[in-house]
Structure formats: C-alpha cells, structure tokens
file model-v2.txt (compact mmCIF, N, CA and C atoms)
# COMPACT_ATOMS: atom_id res chain seq x y z
N MET P 467 101.25 92.78 90.25
CA MET P 467 100.11 93.16 91.03
C MET P 467 100.58 93.67 92.39
N LYS P 468 99.97 94.73 92.88
CA LYS P 468 100.35 95.31 94.15
C LYS P 468 99.11 95.64 94.95
N ASP P 469 99.05 95.13 96.19
CA ASP P 469 97.94 95.48 97.07
C ASP P 469 98.15 96.88 97.61
N GLN P 470 97.04 97.56 97.85
CA GLN P 470 97.10 98.92 98.37
C GLN P 470 96.04 99.07 99.44
N ASN P 471 96.41 99.61 100.59
CA ASN P 471 95.45 99.86 101.66
C ASN P 471 95.06 101.32 101.68
N ILE P 472 93.75 101.60 101.56
CA ILE P 472 93.24 102.96 101.55
C ILE P 472 91.96 103.01 102.36
N ASN P 473 91.43 104.22 102.55
CA ASN P 473 90.13 104.40 103.17
C ASN P 473 89.07 104.45 102.07
N LEU P 474 87.85 104.13 102.42
CA LEU P 474 86.76 104.10 101.44
C LEU P 474 86.57 105.44 100.74
N ASN P 475 86.75 106.55 101.45
CA ASN P 475 86.57 107.86 100.82
C ASN P 475 87.62 108.14 99.73
N GLN P 476 88.72 107.38 99.70
CA GLN P 476 89.78 107.56 98.70
C GLN P 476 89.59 106.70 97.46
N LEU P 477 88.65 105.77 97.50
CA LEU P 477 88.44 104.85 96.38
C LEU P 477 87.80 105.59 95.20
N GLU P 478 88.41 105.45 94.03
CA GLU P 478 87.90 106.13 92.83
C GLU P 478 86.61 105.48 92.34
N LEU P 479 85.81 106.26 91.61
CA LEU P 479 84.56 105.74 91.05
C LEU P 479 84.83 104.52 90.17
N ASP P 480 83.96 103.55 90.28
CA ASP P 480 83.99 102.32 89.49
C ASP P 480 85.22 101.44 89.74
N LYS P 481 85.98 101.69 90.80
CA LYS P 481 87.10 100.84 91.19
C LYS P 481 86.63 99.97 92.36
N GLU P 482 87.13 98.75 92.43
CA GLU P 482 86.68 97.80 93.43
C GLU P 482 87.63 97.77 94.63
N GLY P 483 87.04 97.70 95.81
CA GLY P 483 87.82 97.55 97.03
C GLY P 483 87.24 96.41 97.86
N ILE P 484 88.05 95.86 98.75
CA ILE P 484 87.62 94.80 99.65
C ILE P 484 87.71 95.36 101.07
N ILE P 485 86.63 95.27 101.82
CA ILE P 485 86.59 95.82 103.17
C ILE P 485 87.53 95.02 104.08
N GLU P 486 88.39 95.74 104.80
CA GLU P 486 89.31 95.13 105.75
C GLU P 486 88.84 95.36 107.19
N SER P 487 88.40 96.59 107.49
CA SER P 487 87.94 96.88 108.85
C SER P 487 87.08 98.14 108.86
N ILE P 488 86.29 98.27 109.93
CA ILE P 488 85.45 99.44 110.15
C ILE P 488 85.74 99.95 111.54
N ASP P 489 86.18 101.20 111.64
CA ASP P 489 86.58 101.78 112.93
C ASP P 489 85.66 102.94 113.32
N CYS P 490 84.35 102.76 113.20
CA CYS P 490 83.36 103.80 113.50
C CYS P 490 82.84 103.67 114.93
N ASP P 491 82.05 104.66 115.31
CA ASP P 491 81.28 104.63 116.55
C ASP P 491 80.42 103.36 116.55
N THR P 492 80.17 102.79 117.70
CA THR P 492 79.47 101.52 117.82
C THR P 492 78.12 101.50 117.10
N ASN P 493 77.32 102.55 117.25
CA ASN P 493 75.99 102.59 116.60
C ASN P 493 76.11 102.61 115.08
N ILE P 494 77.02 103.41 114.57
CA ILE P 494 77.20 103.49 113.13
C ILE P 494 77.79 102.19 112.59
N LYS P 495 78.75 101.62 113.32
CA LYS P 495 79.36 100.36 112.90
C LYS P 495 78.30 99.26 112.82
N ARG P 496 77.42 99.19 113.79
CA ARG P 496 76.35 98.18 113.79
C ARG P 496 75.46 98.35 112.56
N ARG P 497 75.13 99.59 112.24
CA ARG P 497 74.29 99.89 111.07
C ARG P 497 74.99 99.46 109.77
N LEU P 498 76.28 99.78 109.65
CA LEU P 498 77.04 99.40 108.46
C LEU P 498 77.15 97.88 108.34
N LEU P 499 77.38 97.20 109.47
CA LEU P 499 77.44 95.74 109.45
C LEU P 499 76.09 95.16 109.03
N ASP P 500 74.99 95.75 109.52
CA ASP P 500 73.65 95.29 109.14
C ASP P 500 73.39 95.46 107.64
N LEU P 501 74.03 96.47 107.04
CA LEU P 501 73.87 96.71 105.60
C LEU P 501 74.77 95.80 104.76
N GLY P 502 75.59 94.99 105.42
CA GLY P 502 76.43 94.04 104.69
C GLY P 502 77.88 94.43 104.54
N LEU P 503 78.30 95.50 105.18
CA LEU P 503 79.69 95.93 105.09
C LEU P 503 80.51 95.17 106.13
N VAL P 504 80.89 93.96 105.79
CA VAL P 504 81.70 93.13 106.68
C VAL P 504 83.04 92.84 106.00
N LYS P 505 84.01 92.42 106.80
CA LYS P 505 85.35 92.13 106.27
C LYS P 505 85.26 91.13 105.12
N GLY P 506 85.97 91.45 104.03
CA GLY P 506 86.00 90.57 102.86
C GLY P 506 84.96 90.90 101.80
N THR P 507 84.08 91.86 102.07
CA THR P 507 83.02 92.23 101.13
C THR P 507 83.55 93.21 100.08
N LYS P 508 83.17 92.98 98.81
CA LYS P 508 83.53 93.91 97.74
C LYS P 508 82.63 95.14 97.82
N ILE P 509 83.21 96.30 97.54
CA ILE P 509 82.45 97.55 97.51
C ILE P 509 82.96 98.40 96.36
N VAL P 510 82.02 99.04 95.63
CA VAL P 510 82.37 99.84 94.45
C VAL P 510 81.62 101.16 94.50
N PRO P 511 82.32 102.31 94.51
CA PRO P 511 81.63 103.60 94.43
C PRO P 511 81.11 103.83 93.01
N ILE P 512 79.85 104.22 92.91
CA ILE P 512 79.27 104.40 91.58
C ILE P 512 78.74 105.80 91.32
N LEU P 513 78.38 106.54 92.36
CA LEU P 513 77.82 107.88 92.18
C LEU P 513 78.33 108.83 93.26
N VAL P 514 78.44 110.11 92.89
CA VAL P 514 78.79 111.15 93.85
C VAL P 514 77.69 112.19 93.81
N SER P 515 77.20 112.62 94.97
CA SER P 515 76.16 113.64 95.00
C SER P 515 76.74 114.97 94.52
N PRO P 516 75.90 115.92 94.12
CA PRO P 516 76.40 117.21 93.63
C PRO P 516 77.30 117.94 94.64
N SER P 517 77.06 117.70 95.93
CA SER P 517 77.87 118.36 96.96
C SER P 517 79.09 117.52 97.36
N ASN P 518 79.30 116.39 96.69
CA ASN P 518 80.39 115.44 96.97
C ASN P 518 80.21 114.65 98.26
N ASP P 519 79.08 114.77 98.91
CA ASP P 519 78.84 114.02 100.14
C ASP P 519 77.34 113.86 100.31
N PRO P 520 76.80 112.68 100.35
CA PRO P 520 77.42 111.36 100.39
C PRO P 520 77.75 110.83 99.00
N ARG P 521 78.35 109.63 98.97
CA ARG P 521 78.59 108.90 97.73
C ARG P 521 77.79 107.61 97.79
N ALA P 522 77.43 107.10 96.61
CA ALA P 522 76.67 105.84 96.53
C ALA P 522 77.62 104.71 96.17
N PHE P 523 77.39 103.55 96.80
CA PHE P 523 78.24 102.38 96.62
C PHE P 523 77.38 101.16 96.34
N ILE P 524 77.93 100.23 95.55
CA ILE P 524 77.28 98.93 95.39
C ILE P 524 77.94 97.97 96.37
N VAL P 525 77.08 97.37 97.21
CA VAL P 525 77.53 96.39 98.20
C VAL P 525 76.56 95.22 98.16
N ARG P 526 77.06 94.04 97.83
CA ARG P 526 76.23 92.83 97.81
C ARG P 526 74.96 93.01 96.96
N GLY P 527 75.08 93.70 95.83
CA GLY P 527 73.96 93.86 94.91
C GLY P 527 73.00 94.99 95.26
N SER P 528 73.27 95.73 96.34
CA SER P 528 72.42 96.86 96.74
C SER P 528 73.21 98.15 96.62
N ILE P 529 72.50 99.25 96.40
CA ILE P 529 73.13 100.56 96.37
C ILE P 529 72.85 101.25 97.69
N ILE P 530 73.92 101.68 98.36
CA ILE P 530 73.77 102.40 99.62
C ILE P 530 74.57 103.69 99.57
N ALA P 531 74.15 104.68 100.33
CA ALA P 531 74.87 105.95 100.41
C ALA P 531 75.62 106.00 101.74
N ILE P 532 76.86 106.44 101.66
CA ILE P 532 77.68 106.56 102.86
C ILE P 532 78.31 107.95 102.87
N ARG P 533 78.19 108.63 104.01
CA ARG P 533 78.79 109.96 104.15
C ARG P 533 80.31 109.86 104.24
N LYS P 534 80.96 110.93 103.83
CA LYS P 534 82.42 110.98 103.81
C LYS P 534 83.01 110.72 105.19
N GLU P 535 82.37 111.25 106.23
CA GLU P 535 82.88 111.08 107.59
C GLU P 535 82.97 109.60 107.98
N GLU P 536 81.97 108.81 107.62
CA GLU P 536 81.99 107.38 107.90
C GLU P 536 82.93 106.64 106.94
N ALA P 537 82.95 107.08 105.68
CA ALA P 537 83.80 106.42 104.68
C ALA P 537 85.28 106.51 105.04
N LYS P 538 85.67 107.59 105.73
CA LYS P 538 87.07 107.75 106.15
C LYS P 538 87.49 106.67 107.14
N LYS P 539 86.52 106.08 107.83
CA LYS P 539 86.82 105.11 108.89
C LYS P 539 86.71 103.66 108.43
N ILE P 540 86.46 103.47 107.13
CA ILE P 540 86.36 102.11 106.58
C ILE P 540 87.63 101.84 105.78
N LYS P 541 88.41 100.88 106.23
CA LYS P 541 89.67 100.53 105.59
C LYS P 541 89.45 99.49 104.51
N LEU P 542 90.11 99.69 103.37
CA LEU P 542 89.96 98.79 102.22
C LEU P 542 91.30 98.24 101.77
N ASN P 543 91.23 97.17 101.04
CA ASN P 543 92.37 96.61 100.34
C ASN P 543 92.01 96.65 98.86
N THR P 544 92.85 97.22 98.04
CA THR P 544 92.62 97.24 96.60
C THR P 544 93.77 96.54 95.91
N ILE P 545 93.55 96.12 94.68
CA ILE P 545 94.60 95.48 93.91
C ILE P 545 94.82 96.29 92.64
N ASN P 546 96.02 96.79 92.47
CA ASN P 546 96.38 97.51 91.26
C ASN P 546 97.06 96.55 90.30
N VAL P 547 96.64 96.58 89.06
CA VAL P 547 97.24 95.69 88.06
C VAL P 547 98.25 96.48 87.26
call {"tool": "encode", "arguments": {"input": "model-v2.txt", "output": "structure tokens"}}
result
Amino acid sequence: MKDQNINLNQLELDKEGIIESIDCDTNIKRRLLDLGLVKGTKIVPILVSPSNDPRAFIVRGSIIAIRKEEAKKIKLNTINV
C-alpha cells in the first residue's frame, strides 16, 4: 500500500480521497467547511459536467458540486493498493 498526495481536481471518478487541507480564499474556505469538507473527511468524485467544470462529489452522504479552480486548492491523501 502506498499513500499518495494529490489535489481534488486530480482524483479519478469513483476513487476515494481523504481531505488533508484547504488552501482557498477565506470566504470560499468557510463555505467548503460549512459543507463538511474538513480534514479527515472522505470525498468521492461521481459526476463530471459536460464542460468538465464543475464536478460532483459525495461528501458525508451529500452530493455537492465544486469548480475546478477550488478543487485545485484542496489537498487529498489517497491510498493505492
């Protein structure tokens, strides 16, 4: 098993990541934290819009859309088997 650190925008569909940090603007970071994107939370990309931006993710049992610009600033830890 090997841990891998990537940004949320790099996570493949239906693969699981664990949030490590969010390095966004204060207003956007507050909004993401309010939606449940906190350190240690599992996140899974499930859908991509026809234009490839935004993508939909499952977080804590809810589906939320996150734009690529914000997804680039969310650091994840993944585990490859």
call {"tool": "residues_around", "arguments": {"input": "model-v2.txt", "residues": "Ile485 (chain P)", "least_positions_apart": "5", "cutoff": "8 Å", "atoms": "only N, CA and C atoms", "output": "list in words"}}
result
Leu503, Val504, Lys505, Gly506, Thr507, Lys508, Ile509, Ile540, Lys541, Leu542, Asn543 and Thr544 of chain P
call {"tool": "closest_residue", "arguments": {"input": "model-v2.txt", "among": "P:Asp519, P:Leu499, P:Ala531, P:Ile524", "to": "Lys481 (chain P)", "atoms": "only C-alpha atoms"}}
result
P:Ile524
call {"tool": "select_by_dssp", "arguments": {"input": "model-v2.txt", "residues": "chain P", "states": "strand (DSSP E or B)", "output": "PyMOL selection string"}}
result
chain P and resi 468-473+483-488+508-514+521-525+528-532+540-546
call {"tool": "closest_residue", "arguments": {"input": "model-v2.txt", "among": "P:Lys538, P:Arg497, P:Arg521, P:Arg533", "to": "Leu474 (chain P)", "atoms": "only C-alpha atoms"}}
result
P:Lys538
call {"tool": "closest_residue", "arguments": {"input": "model-v2.txt", "among": "P:Gln470, P:Thr492, P:Asn475, P:Ser487", "to": "Val514 (chain P)", "atoms": "only C-alpha atoms"}}
result
P:Asn475
call {"tool": "select_by_dssp", "arguments": {"input": "model-v2.txt", "residues": "chain P", "states": "helix (DSSP H, G or I)", "output": "list in words"}}
result
Leu474, Asn475, Gln476, Thr492, Asn493, Ile494, Lys495, Arg496, Arg497, Leu498, Leu499, Asp500, Lys534, Glu535, Glu536 and Ala537 of chain P
call {"tool": "atom_distance", "arguments": {"input": "model-v2.txt", "atom1": "CA of Ile512 (chain P)", "atom2": "CA of Asp500 (chain P)"}}
result
20.6 Å
call {"tool": "atom_distance", "arguments": {"input": "model-v2.txt", "atom1": "atom N of Ile494 (chain P)", "atom2": "atom N of Pro516 (chain P)"}}
result
24.0 Å
call {"tool": "build_atoms", "arguments": {"input": "model-v2.txt", "residues": "region 507-525 of chain P", "atoms": "N, CA, C and O atoms", "output": "PDB file, keeping the file's coordinate frame"}}
result
ATOM      1  N   THR P 507      84.080  91.860 102.070  1.00  0.00           N
ATOM      2  CA  THR P 507      83.020  92.230 101.130  1.00  0.00           C
ATOM      3  C   THR P 507      83.550  93.210 100.080  1.00  0.00           C
ATOM      4  O   THR P 507      84.255  94.155 100.405  1.00  0.00           O
ATOM      5  N   LYS P 508      83.170  92.980  98.810  1.00  0.00           N
ATOM      6  CA  LYS P 508      83.530  93.910  97.740  1.00  0.00           C
ATOM      7  C   LYS P 508      82.630  95.140  97.820  1.00  0.00           C
ATOM      8  O   LYS P 508      81.437  95.026  98.102  1.00  0.00           O
ATOM      9  N   ILE P 509      83.210  96.300  97.540  1.00  0.00           N
ATOM     10  CA  ILE P 509      82.450  97.550  97.510  1.00  0.00           C
ATOM     11  C   ILE P 509      82.960  98.400  96.360  1.00  0.00           C
ATOM     12  O   ILE P 509      84.164  98.438  96.097  1.00  0.00           O
ATOM     13  N   VAL P 510      82.020  99.040  95.630  1.00  0.00           N
ATOM     14  CA  VAL P 510      82.370  99.840  94.450  1.00  0.00           C
ATOM     15  C   VAL P 510      81.620 101.160  94.500  1.00  0.00           C
ATOM     16  O   VAL P 510      80.385 101.171  94.540  1.00  0.00           O
ATOM     17  N   PRO P 511      82.320 102.310  94.510  1.00  0.00           N
ATOM     18  CA  PRO P 511      81.630 103.600  94.430  1.00  0.00           C
ATOM     19  C   PRO P 511      81.110 103.830  93.010  1.00  0.00           C
ATOM     20  O   PRO P 511      81.850 103.625  92.047  1.00  0.00           O
ATOM     21  N   ILE P 512      79.850 104.220  92.910  1.00  0.00           N
ATOM     22  CA  ILE P 512      79.270 104.400  91.580  1.00  0.00           C
ATOM     23  C   ILE P 512      78.740 105.800  91.320  1.00  0.00           C
ATOM     24  O   ILE P 512      78.644 106.207  90.159  1.00  0.00           O
ATOM     25  N   LEU P 513      78.380 106.540  92.360  1.00  0.00           N
ATOM     26  CA  LEU P 513      77.820 107.880  92.180  1.00  0.00           C
ATOM     27  C   LEU P 513      78.330 108.830  93.260  1.00  0.00           C
ATOM     28  O   LEU P 513      78.573 108.406  94.387  1.00  0.00           O
ATOM     29  N   VAL P 514      78.440 110.110  92.890  1.00  0.00           N
ATOM     30  CA  VAL P 514      78.790 111.150  93.850  1.00  0.00           C
ATOM     31  C   VAL P 514      77.690 112.190  93.810  1.00  0.00           C
ATOM     32  O   VAL P 514      77.275 112.616  92.726  1.00  0.00           O
ATOM     33  N   SER P 515      77.200 112.620  94.970  1.00  0.00           N
ATOM     34  CA  SER P 515      76.160 113.640  95.000  1.00  0.00           C
ATOM     35  C   SER P 515      76.740 114.970  94.520  1.00  0.00           C
ATOM     36  O   SER P 515      77.959 115.159  94.521  1.00  0.00           O
ATOM     37  N   PRO P 516      75.900 115.920  94.120  1.00  0.00           N
ATOM     38  CA  PRO P 516      76.400 117.210  93.630  1.00  0.00           C
ATOM     39  C   PRO P 516      77.300 117.940  94.640  1.00  0.00           C
ATOM     40  O   PRO P 516      78.203 118.648  94.262  1.00  0.00           O
ATOM     41  N   SER P 517      77.060 117.700  95.930  1.00  0.00           N
ATOM     42  CA  SER P 517      77.870 118.360  96.960  1.00  0.00           C
ATOM     43  C   SER P 517      79.090 117.520  97.360  1.00  0.00           C
ATOM     44  O   SER P 517      79.804 117.881  98.287  1.00  0.00           O
ATOM     45  N   ASN P 518      79.300 116.390  96.690  1.00  0.00           N
ATOM     46  CA  ASN P 518      80.390 115.440  96.970  1.00  0.00           C
ATOM     47  C   ASN P 518      80.210 114.650  98.260  1.00  0.00           C
ATOM     48  O   ASN P 518      81.126 113.961  98.685  1.00  0.00           O
ATOM     49  N   ASP P 519      79.080 114.770  98.910  1.00  0.00           N
ATOM     50  CA  ASP P 519      78.840 114.020 100.140  1.00  0.00           C
ATOM     51  C   ASP P 519      77.340 113.860 100.310  1.00  0.00           C
ATOM     52  O   ASP P 519      76.642 114.865 100.389  1.00  0.00           O
ATOM     53  N   PRO P 520      76.800 112.680 100.350  1.00  0.00           N
ATOM     54  CA  PRO P 520      77.420 111.360 100.390  1.00  0.00           C
ATOM     55  C   PRO P 520      77.750 110.830  99.000  1.00  0.00           C
ATOM     56  O   PRO P 520      77.428 111.467  97.985  1.00  0.00           O
ATOM     57  N   ARG P 521      78.350 109.630  98.970  1.00  0.00           N
ATOM     58  CA  ARG P 521      78.590 108.900  97.730  1.00  0.00           C
ATOM     59  C   ARG P 521      77.790 107.610  97.790  1.00  0.00           C
ATOM     60  O   ARG P 521      77.519 107.084  98.859  1.00  0.00           O
ATOM     61  N   ALA P 522      77.430 107.100  96.610  1.00  0.00           N
ATOM     62  CA  ALA P 522      76.670 105.840  96.530  1.00  0.00           C
ATOM     63  C   ALA P 522      77.620 104.710  96.170  1.00  0.00           C
ATOM     64  O   ALA P 522      78.526 104.871  95.352  1.00  0.00           O
ATOM     65  N   PHE P 523      77.390 103.550  96.800  1.00  0.00           N
ATOM     66  CA  PHE P 523      78.240 102.380  96.620  1.00  0.00           C
ATOM     67  C   PHE P 523      77.380 101.160  96.340  1.00  0.00           C
ATOM     68  O   PHE P 523      76.266 101.051  96.842  1.00  0.00           O
ATOM     69  N   ILE P 524      77.930 100.230  95.550  1.00  0.00           N
ATOM     70  CA  ILE P 524      77.280  98.930  95.390  1.00  0.00           C
ATOM     71  C   ILE P 524      77.940  97.970  96.370  1.00  0.00           C
ATOM     72  O   ILE P 524      79.168  97.821  96.380  1.00  0.00           O
ATOM     73  N   VAL P 525      77.080  97.370  97.210  1.00  0.00           N
ATOM     74  CA  VAL P 525      77.530  96.390  98.200  1.00  0.00           C
ATOM     75  C   VAL P 525      76.560  95.220  98.160  1.00  0.00           C
ATOM     76  O   VAL P 525      75.366  95.403  98.391  1.00  0.00           O
TER      77      VAL P 525
END
